[in-house]
Amino acid sequence: MSDSVDLDDGSELLDQQLTSDRMVVTSQWSLIWYKFRRHKLAMIGLTVTLLIYLIAATAGFLSPSVPSKFQPKFTYAPPQTIHFFKQNEMGESEYFPHVLGYKTTVNPESFKRSYVIDETQVVPIGMFVKGEKYNFLGMFASETHLFGPIDKKHPFYLIGADRLGRDLLTRTLYGARVSMSIGLVGVALSLVIGVILGGVSGFYGGIMDRVIQRVIEFIRSIPTIPLWLGLATAMPQDWPAIWVYFFILIILSLIGWTEIARVVRGRFLSLRTEDFVMAARLDGVSEMRIILRHMMPSLFSHIIAAVTLAIPNMILAESALSFLGLGLQPPIVSWGVLLQDTQNLRAITQAPWLFVPGICVVVAVLALNFLGDGLRDAADPYS
């Protein structure tokens with residue numbers, strides 16, 4: 001028995017030694033991925049983030065309708081529940097996915113419309129049904145939707161309708177495209193500005209460093225909301241929606257580059273005195289090659305972490321501007337634009353499902369923050 005215990009202990013020590021040997025010879029990116037996988041919240045954040053972007057990319061296929069379709073007689077229609085079984089004439093349950101229709105009544109005095117479930121009105125639903133045309137991945141037109149009512153004449157609102165009788169589920173899925181893409185594109189522009197100015201500030205120092213840092217401090221000292229309002233009100237009211245979209249990106253990028261610039265500056269300050277940088281200088285290597293070939297690879301992991309943490313701020317900024325009516329405007333569909341309908345009392349008391357886009361914002365921001373925290377911890381795998 002003692003021999004078997006000794007053999008087991010020896011095998012465990014050998015496995016540990018082999019594992020440590022593999023960790024010594026592995027690459028830095030492998031170490032980062034190894035440490036990142038052990039961060040459970042970061043893995044959950046990565047999964048949710050990828051799922052949201054997948055949904056945004058295939059919103060036309062996943063949604064049962066198109067965001068512009070409206071039915072005024074179903075204003076603020078409540079959510080419908082999917083029923084998977086139905087009793088046949090023999091009294092037996094059979095698989096038959098369907099939803100129940102509405103009975104609508106209008107109060108003649110207050111003109112308030114109320115809805116009652118009509119159990120006699122059965123609306124069958126199916127998979128891969130034909131519906132309104134959309135562009136799949138922006139490449140080709142299609143009429144196939146993942147699911148939806150077989151008869152398009154009947155209402156189909158899984159999470160309710162808005163003030164014009166438009167399907168909120170469809171508009172929320174389409175809104176993910178704009179809200180999530182604004183985070184990516186806005187951070188990409190901020191990344192270019194932040195890396196250039198932060199790199200110049202940290203590598204050269206001196207008067208350039210002082211000027212850039214004072215500019216950063218000035219921008220960060222301005223209250224964010226008034227700055228957004230001032231820049232957003234400068235947009236002409238007759239601009240096309242796509243111009244407004246790009247102008248919002250520019251606004252968010254001009255405000256959001258300061259954090260990335262400080263991260264890059266701090267890393268450049270610590271790297272410019274390292275032995276490998278000094279050796280490259282003594283060998284006569286040009287400054288541009290030192291920056292791109294020797295210093296930037298050491299920054300990639302930290303830049304990725306900073307970018308991931310900056311995307312939620314971009315999403316929140318766009319949602320706040322659009323909610324206040326100073327950002328994106330209809331017909332563009334974003335989560336912030338959809339939340340404009342929650343500014344009236346009726347939405348709060350009678351149509352709480354209009355807050356679903358706000359829940360999507362919270363989920364996306366939390367997932368990206370978890371992902372960013374995991375990348376930040378994994379950026380230094382030797383810590």
# chains A, B, ... in the order shown; residues from 1 in each chain; ligands from 1
>>> select_by_dssp(residues="range 1-197 of chain A", states="strand (DSSP E)", output="count of residues only")
53
>>> closest_atom_pairs(of="range 221-323 of chain A", to="range 29-47 of chain A", cutoff="12 Å", atoms="only C-alpha atoms", output="JSON lines")
{"residue": "A:Pro297", "atom": "CA", "partner": "A:Trp29", "partner_atom": "CA", "distance": 10.7}
{"residue": "A:Ser298", "atom": "CA", "partner": "A:Trp29", "partner_atom": "CA", "distance": 10.7}
{"residue": "A:Phe300", "atom": "CA", "partner": "A:Trp29", "partner_atom": "CA", "distance": 10.0}
{"residue": "A:Ser301", "atom": "CA", "partner": "A:Ile32", "partner_atom": "CA", "distance": 8.2}
{"residue": "A:His302", "atom": "CA", "partner": "A:Ile32", "partner_atom": "CA", "distance": 10.9}
{"residue": "A:Ile304", "atom": "CA", "partner": "A:Ile32", "partner_atom": "CA", "distance": 11.7}
{"residue": "A:Ala305", "atom": "CA", "partner": "A:Phe36", "partner_atom": "CA", "distance": 11.5}
{"residue": "A:Thr308", "atom": "CA", "partner": "A:Leu46", "partner_atom": "CA", "distance": 10.5}
{"residue": "A:Leu309", "atom": "CA", "partner": "A:Gly45", "partner_atom": "CA", "distance": 11.8}
>>> write_last_selection(atoms="C-alpha atoms", output="PDB file, in the first residue's frame")
ATOM      1  CA  PRO A 297       4.119  43.665 -29.461  1.00  0.00           C
ATOM      2  CA  SER A 298       4.453  44.102 -25.706  1.00  0.00           C
ATOM      3  CA  PHE A 300      -1.013  44.264 -27.718  1.00  0.00           C
ATOM      4  CA  SER A 301      -2.515  42.425 -24.766  1.00  0.00           C
ATOM      5  CA  HIS A 302      -2.918  45.616 -22.736  1.00  0.00           C
ATOM      6  CA  ILE A 304      -6.927  44.647 -26.255  1.00  0.00           C
ATOM      7  CA  ALA A 305      -7.955  44.830 -22.604  1.00  0.00           C
ATOM      8  CA  THR A 308     -12.667  45.825 -24.509  1.00  0.00           C
ATOM      9  CA  LEU A 309     -13.309  47.983 -21.458  1.00  0.00           C
TER      10      LEU A 309
END
>>> select_by_dssp(residues="range 161-251 of chain A", states="alpha helix (DSSP H)", output="PyMOL selection string")
chain A and resi 168-204+206-221+224-232+241-251
>>> write_last_selection(atoms="C-alpha atoms", output="PDB file, in the first residue's frame")
ATOM      1  CA  LEU A 168     -40.469  45.125 -30.370  1.00  0.00           C
ATOM      2  CA  LEU A 169     -38.539  41.852 -30.672  1.00  0.00           C
ATOM      3  CA  THR A 170     -37.651  42.604 -34.291  1.00  0.00           C
ATOM      4  CA  ARG A 171     -36.666  46.177 -33.515  1.00  0.00           C
ATOM      5  CA  THR A 172     -34.550  45.093 -30.552  1.00  0.00           C
ATOM      6  CA  LEU A 173     -32.643  42.567 -32.677  1.00  0.00           C
ATOM      7  CA  TYR A 174     -32.055  45.159 -35.387  1.00  0.00           C
ATOM      8  CA  GLY A 175     -31.082  47.730 -32.750  1.00  0.00           C
ATOM      9  CA  ALA A 176     -28.218  45.495 -31.654  1.00  0.00           C
ATOM     10  CA  ARG A 177     -26.569  46.120 -35.032  1.00  0.00           C
ATOM     11  CA  VAL A 178     -26.201  49.858 -34.553  1.00  0.00           C
ATOM     12  CA  SER A 179     -25.556  49.897 -30.802  1.00  0.00           C
ATOM     13  CA  MET A 180     -22.903  47.178 -30.905  1.00  0.00           C
ATOM     14  CA  SER A 181     -21.266  48.416 -34.108  1.00  0.00           C
ATOM     15  CA  ILE A 182     -20.993  51.939 -32.686  1.00  0.00           C
ATOM     16  CA  GLY A 183     -18.955  50.418 -29.860  1.00  0.00           C
ATOM     17  CA  LEU A 184     -16.580  48.674 -32.259  1.00  0.00           C
ATOM     18  CA  VAL A 185     -16.162  51.472 -34.806  1.00  0.00           C
ATOM     19  CA  GLY A 186     -16.006  54.199 -32.171  1.00  0.00           C
ATOM     20  CA  VAL A 187     -13.359  52.363 -30.183  1.00  0.00           C
ATOM     21  CA  ALA A 188     -11.385  51.657 -33.382  1.00  0.00           C
ATOM     22  CA  LEU A 189     -11.194  55.397 -34.070  1.00  0.00           C
ATOM     23  CA  SER A 190     -10.341  56.085 -30.432  1.00  0.00           C
ATOM     24  CA  LEU A 191      -7.666  53.395 -30.600  1.00  0.00           C
ATOM     25  CA  VAL A 192      -5.919  55.063 -33.539  1.00  0.00           C
ATOM     26  CA  ILE A 193      -5.923  58.466 -31.845  1.00  0.00           C
ATOM     27  CA  GLY A 194      -5.008  57.092 -28.421  1.00  0.00           C
ATOM     28  CA  VAL A 195      -2.158  54.866 -29.612  1.00  0.00           C
ATOM     29  CA  ILE A 196      -0.570  57.626 -31.702  1.00  0.00           C
ATOM     30  CA  LEU A 197      -0.804  60.398 -29.097  1.00  0.00           C
ATOM     31  CA  GLY A 198      -0.133  58.088 -26.152  1.00  0.00           C
ATOM     32  CA  GLY A 199       2.867  56.546 -27.923  1.00  0.00           C
ATOM     33  CA  VAL A 200       4.332  59.942 -28.807  1.00  0.00           C
ATOM     34  CA  SER A 201       3.772  61.152 -25.251  1.00  0.00           C
ATOM     35  CA  GLY A 202       5.398  58.143 -23.611  1.00  0.00           C
ATOM     36  CA  PHE A 203       8.255  57.562 -26.074  1.00  0.00           C
ATOM     37  CA  TYR A 204       9.537  61.104 -26.541  1.00  0.00           C
ATOM     38  CA  GLY A 206       9.498  66.354 -22.696  1.00  0.00           C
ATOM     39  CA  ILE A 207       7.346  69.199 -23.981  1.00  0.00           C
ATOM     40  CA  MET A 208       5.271  66.874 -26.195  1.00  0.00           C
ATOM     41  CA  ASP A 209       4.389  64.726 -23.210  1.00  0.00           C
ATOM     42  CA  ARG A 210       3.351  67.751 -21.147  1.00  0.00           C
ATOM     43  CA  VAL A 211       1.189  69.231 -23.910  1.00  0.00           C
ATOM     44  CA  ILE A 212      -0.595  65.940 -24.644  1.00  0.00           C
ATOM     45  CA  GLN A 213      -1.193  65.251 -20.959  1.00  0.00           C
ATOM     46  CA  ARG A 214      -2.651  68.720 -20.413  1.00  0.00           C
ATOM     47  CA  VAL A 215      -5.003  68.159 -23.369  1.00  0.00           C
ATOM     48  CA  ILE A 216      -6.091  64.830 -21.868  1.00  0.00           C
ATOM     49  CA  GLU A 217      -6.682  66.411 -18.474  1.00  0.00           C
ATOM     50  CA  PHE A 218      -8.692  69.237 -20.061  1.00  0.00           C
ATOM     51  CA  ILE A 219     -10.939  66.818 -21.964  1.00  0.00           C
ATOM     52  CA  ARG A 220     -11.468  64.606 -18.924  1.00  0.00           C
ATOM     53  CA  SER A 221     -12.302  67.612 -16.733  1.00  0.00           C
ATOM     54  CA  THR A 224     -19.454  64.423 -20.131  1.00  0.00           C
ATOM     55  CA  ILE A 225     -23.180  65.005 -20.607  1.00  0.00           C
ATOM     56  CA  PRO A 226     -22.938  68.769 -21.354  1.00  0.00           C
ATOM     57  CA  LEU A 227     -20.092  68.062 -23.776  1.00  0.00           C
ATOM     58  CA  TRP A 228     -22.188  65.453 -25.598  1.00  0.00           C
ATOM     59  CA  LEU A 229     -25.148  67.798 -25.704  1.00  0.00           C
ATOM     60  CA  GLY A 230     -23.086  70.674 -27.070  1.00  0.00           C
ATOM     61  CA  LEU A 231     -21.498  68.593 -29.817  1.00  0.00           C
ATOM     62  CA  ALA A 232     -24.715  66.780 -30.722  1.00  0.00           C
ATOM     63  CA  ALA A 241     -29.568  59.453 -40.897  1.00  0.00           C
ATOM     64  CA  ILE A 242     -26.289  57.869 -42.038  1.00  0.00           C
ATOM     65  CA  TRP A 243     -24.462  61.199 -41.647  1.00  0.00           C
ATOM     66  CA  VAL A 244     -25.785  61.504 -38.111  1.00  0.00           C
ATOM     67  CA  TYR A 245     -24.538  57.979 -37.424  1.00  0.00           C
ATOM     68  CA  PHE A 246     -20.978  58.808 -38.472  1.00  0.00           C
ATOM     69  CA  PHE A 247     -21.031  62.146 -36.685  1.00  0.00           C
ATOM     70  CA  ILE A 248     -21.989  60.386 -33.452  1.00  0.00           C
ATOM     71  CA  LEU A 249     -19.043  58.027 -33.998  1.00  0.00           C
ATOM     72  CA  ILE A 250     -16.683  60.969 -34.391  1.00  0.00           C
ATOM     73  CA  ILE A 251     -18.056  62.622 -31.245  1.00  0.00           C
TER      74      ILE A 251
END
>>> residues_around(residues="range 137-139 of chain A", least_positions_apart="3", cutoff="10 Å", atoms="only C-alpha atoms", output="mmCIF file with C-alpha atoms, in the first residue's frame")
data_model
loop_
_atom_site.group_PDB
_atom_site.id
_atom_site.type_symbol
_atom_site.label_atom_id
_atom_site.label_comp_id
_atom_site.auth_asym_id
_atom_site.auth_seq_id
_atom_site.Cartn_x
_atom_site.Cartn_y
_atom_site.Cartn_z
ATOM 1 C CA ALA A 56 -26.752 41.437 -34.570
ATOM 2 C CA ALA A 57 -25.198 40.081 -37.757
ATOM 3 C CA THR A 58 -28.139 37.756 -38.496
ATOM 4 C CA ALA A 59 -30.937 39.966 -37.132
ATOM 5 C CA GLY A 60 -32.917 39.833 -40.371
ATOM 6 C CA PHE A 61 -33.023 36.039 -40.325
ATOM 7 C CA TYR A 134 -34.359 41.758 -45.843
ATOM 8 C CA SER A 142 -33.970 36.889 -48.591
#
>>> atom_distance(atom1="CA of Ile55 in chain A", atom2="CA of Pro240 in chain A")
26.4 Å
>>> closest_residue(among="A:Glu94, A:Asp341, A:Glu89, A:Asp151", to="Pro357 in chain A", atoms="only C-alpha atoms")
A:Asp341
>>> residues_around(residues="Ala161 in chain A", least_positions_apart="6", cutoff="9 Å", atoms="only C-alpha atoms", output="JSON, numbers by chain")
{"A": [74, 75, 76, 77, 78, 79, 167, 168, 169, 351, 353, 354]}
>>> closest_atom_pairs(of="range 283-379 of chain A", to="range 253-262 of chain A", cutoff="12 Å", atoms="only C-alpha atoms", output="CSV")
residue,atom,partner,partner_atom,distance
A:Leu299,CA,A:Ile260,CA,11.3
A:His302,CA,A:Ile260,CA,9.6
A:Ile303,CA,A:Ile260,CA,7.4
A:Ile304,CA,A:Ile260,CA,10.0
A:Ala305,CA,A:Ile260,CA,9.9
A:Ala306,CA,A:Ile260,CA,6.3
A:Val307,CA,A:Ile260,CA,7.4
A:Thr308,CA,A:Ile260,CA,10.6
A:Leu309,CA,A:Ile260,CA,9.8
A:Ala310,CA,A:Gly256,CA,7.6
A:Ile311,CA,A:Gly256,CA,9.5
A:Pro312,CA,A:Gly256,CA,11.1
A:Asn313,CA,A:Gly256,CA,8.2
A:Met314,CA,A:Gly256,CA,7.7
A:Ile315,CA,A:Gly256,CA,11.5
A:Leu316,CA,A:Gly256,CA,11.9
A:Ala317,CA,A:Gly256,CA,9.9
A:Glu318,CA,A:Ser253,CA,11.3
>>> atom_distance(atom1="CA of Pro64 in chain A", atom2="CA of Gly126 in chain A")
10.4 Å
>>> closest_residue(among="A:Pro124, A:Ile117, A:Ala320, A:Lys103", to="Phe84 in chain A", atoms="only C-alpha atoms")
A:Pro124
>>> atom_distance(atom1="CA of Val365 in chain A", atom2="CA of Ile52 in chain A")
11.1 Å
>>> residues_around(residues="Ser93 in chain A", least_positions_apart="6", cutoff="12 Å", atoms="only C-alpha atoms", output="MDAnalysis selection string")
chainID A and resid 83:87
>>> decode(residues="range 228-376 of chain A", atoms="C-alpha atoms", output="tab-separated table (two decimals), in the first residue's frame")
chain	number	residue	atom	x	y	z
A	228	TRP	CA	-22.19	65.45	-25.60
A	229	LEU	CA	-25.15	67.80	-25.70
A	230	GLY	CA	-23.09	70.67	-27.07
A	231	LEU	CA	-21.50	68.59	-29.82
A	232	ALA	CA	-24.71	66.78	-30.72
A	233	THR	CA	-26.73	70.00	-31.07
A	234	ALA	CA	-24.20	71.19	-33.66
A	235	MET	CA	-25.62	68.65	-36.13
A	236	PRO	CA	-27.92	70.16	-38.79
A	237	GLN	CA	-31.48	68.90	-38.49
A	238	ASP	CA	-31.73	68.11	-42.20
A	239	TRP	CA	-28.78	65.70	-42.26
A	240	PRO	CA	-29.43	62.15	-43.54
A	241	ALA	CA	-29.57	59.45	-40.90
A	242	ILE	CA	-26.29	57.87	-42.04
A	243	TRP	CA	-24.46	61.20	-41.65
A	244	VAL	CA	-25.79	61.50	-38.11
A	245	TYR	CA	-24.54	57.98	-37.42
A	246	PHE	CA	-20.98	58.81	-38.47
A	247	PHE	CA	-21.03	62.15	-36.68
A	248	ILE	CA	-21.99	60.39	-33.45
A	249	LEU	CA	-19.04	58.03	-34.00
A	250	ILE	CA	-16.68	60.97	-34.39
A	251	ILE	CA	-18.06	62.62	-31.24
A	252	LEU	CA	-17.63	59.47	-29.18
A	253	SER	CA	-14.13	58.89	-30.56
A	254	LEU	CA	-12.99	62.44	-29.79
A	255	ILE	CA	-14.10	61.95	-26.20
A	256	GLY	CA	-13.09	58.32	-25.65
A	257	TRP	CA	-9.43	58.28	-26.74
A	258	THR	CA	-8.00	59.70	-23.51
A	259	GLU	CA	-8.14	56.48	-21.47
A	260	ILE	CA	-6.42	54.43	-24.18
A	261	ALA	CA	-3.77	57.15	-24.60
A	262	ARG	CA	-2.92	57.00	-20.91
A	263	VAL	CA	-2.59	53.23	-20.97
A	264	VAL	CA	-0.26	53.38	-23.97
A	265	ARG	CA	1.77	56.23	-22.45
A	266	GLY	CA	2.29	54.33	-19.21
A	267	ARG	CA	3.49	51.24	-21.02
A	268	PHE	CA	5.84	53.24	-23.27
A	269	LEU	CA	7.33	54.99	-20.25
A	270	SER	CA	8.13	51.63	-18.65
A	271	LEU	CA	9.40	50.02	-21.85
A	272	ARG	CA	11.64	52.76	-23.23
A	273	THR	CA	14.26	52.12	-20.53
A	274	GLU	CA	14.24	48.32	-20.88
A	275	ASP	CA	17.42	46.57	-21.93
A	276	PHE	CA	16.08	45.34	-25.28
A	277	VAL	CA	15.04	48.88	-26.25
A	278	MET	CA	18.39	50.33	-25.22
A	279	ALA	CA	20.18	47.57	-27.14
A	280	ALA	CA	18.16	48.39	-30.25
A	281	ARG	CA	19.07	52.07	-29.91
A	282	LEU	CA	22.79	51.22	-29.61
A	283	ASP	CA	22.53	49.05	-32.74
A	284	GLY	CA	21.31	52.06	-34.68
A	285	VAL	CA	17.74	50.84	-35.16
A	286	SER	CA	15.36	53.60	-36.25
A	287	GLU	CA	12.83	54.94	-33.76
A	288	MET	CA	9.90	53.81	-35.91
A	289	ARG	CA	11.23	50.24	-36.01
A	290	ILE	CA	11.83	50.29	-32.26
A	291	ILE	CA	8.24	51.33	-31.70
A	292	LEU	CA	6.61	48.96	-34.20
A	293	ARG	CA	8.93	45.95	-33.93
A	294	HIS	CA	10.09	45.96	-30.32
A	295	MET	CA	7.62	47.93	-28.18
A	296	MET	CA	4.21	47.49	-29.77
A	297	PRO	CA	4.12	43.66	-29.46
A	298	SER	CA	4.45	44.10	-25.71
A	299	LEU	CA	1.41	46.39	-25.73
A	300	PHE	CA	-1.01	44.26	-27.72
A	301	SER	CA	-2.51	42.43	-24.77
A	302	HIS	CA	-2.92	45.62	-22.74
A	303	ILE	CA	-4.43	47.47	-25.70
A	304	ILE	CA	-6.93	44.65	-26.26
A	305	ALA	CA	-7.95	44.83	-22.60
A	306	ALA	CA	-8.31	48.63	-22.73
A	307	VAL	CA	-10.34	48.47	-25.93
A	308	THR	CA	-12.67	45.82	-24.51
A	309	LEU	CA	-13.31	47.98	-21.46
A	310	ALA	CA	-13.89	51.07	-23.64
A	311	ILE	CA	-16.60	49.50	-25.82
A	312	PRO	CA	-19.24	49.51	-23.01
A	313	ASN	CA	-18.66	53.23	-22.50
A	314	MET	CA	-19.29	53.83	-26.21
A	315	ILE	CA	-22.53	51.82	-26.08
A	316	LEU	CA	-23.73	53.70	-23.00
A	317	ALA	CA	-22.82	57.04	-24.58
A	318	GLU	CA	-24.77	56.31	-27.75
A	319	SER	CA	-27.75	55.03	-25.76
A	320	ALA	CA	-27.73	58.14	-23.54
A	321	LEU	CA	-27.51	60.56	-26.48
A	322	SER	CA	-30.24	58.77	-28.44
A	323	PHE	CA	-32.45	58.51	-25.36
A	324	LEU	CA	-32.18	62.29	-24.88
A	325	GLY	CA	-33.10	62.85	-28.52
A	326	LEU	CA	-29.70	64.31	-29.43
A	327	GLY	CA	-28.11	61.21	-30.93
A	328	LEU	CA	-29.44	58.84	-33.52
A	329	GLN	CA	-32.97	59.42	-34.72
A	330	PRO	CA	-35.56	57.29	-36.54
A	331	PRO	CA	-35.60	55.62	-39.02
A	332	ILE	CA	-32.28	54.36	-37.59
A	333	VAL	CA	-33.01	51.65	-35.02
A	334	SER	CA	-30.73	51.40	-32.00
A	335	TRP	CA	-31.30	50.50	-28.37
A	336	GLY	CA	-31.07	54.16	-27.39
A	337	VAL	CA	-33.64	55.15	-30.02
A	338	LEU	CA	-36.00	52.42	-28.82
A	339	LEU	CA	-35.70	53.68	-25.25
A	340	GLN	CA	-37.14	57.04	-26.31
A	341	ASP	CA	-40.58	55.43	-26.07
A	342	THR	CA	-40.08	54.96	-22.31
A	343	GLN	CA	-40.11	58.70	-21.65
A	344	ASN	CA	-43.89	58.86	-21.19
A	345	LEU	CA	-45.90	57.72	-18.21
A	346	ARG	CA	-48.03	55.27	-20.19
A	347	ALA	CA	-44.97	53.25	-21.13
A	348	ILE	CA	-43.98	52.90	-17.48
A	349	THR	CA	-47.43	51.91	-16.23
A	350	GLN	CA	-49.01	50.01	-19.13
A	351	ALA	CA	-46.20	48.84	-21.43
A	352	PRO	CA	-43.24	47.76	-19.30
A	353	TRP	CA	-41.96	45.56	-22.13
A	354	LEU	CA	-40.65	48.73	-23.79
A	355	PHE	CA	-37.75	48.55	-21.31
A	356	VAL	CA	-36.44	45.38	-22.99
A	357	PRO	CA	-33.82	47.35	-25.03
A	358	GLY	CA	-32.56	48.81	-21.74
A	359	ILE	CA	-32.11	45.28	-20.38
A	360	CYS	CA	-30.15	44.44	-23.53
A	361	VAL	CA	-27.86	47.42	-22.88
A	362	VAL	CA	-27.24	46.22	-19.31
A	363	VAL	CA	-26.49	42.64	-20.44
A	364	ALA	CA	-24.13	43.80	-23.22
A	365	VAL	CA	-22.25	46.21	-20.94
A	366	LEU	CA	-21.88	43.62	-18.17
A	367	ALA	CA	-20.64	40.98	-20.62
A	368	LEU	CA	-18.08	43.36	-22.12
A	369	ASN	CA	-16.92	44.46	-18.67
A	370	PHE	CA	-16.45	40.84	-17.57
A	371	LEU	CA	-14.56	40.17	-20.79
A	372	GLY	CA	-12.39	43.24	-20.31
A	373	ASP	CA	-11.60	42.36	-16.69
A	374	GLY	CA	-10.53	38.89	-17.75
A	375	LEU	CA	-8.32	40.22	-20.53
A	376	ARG	CA	-6.78	42.77	-18.18
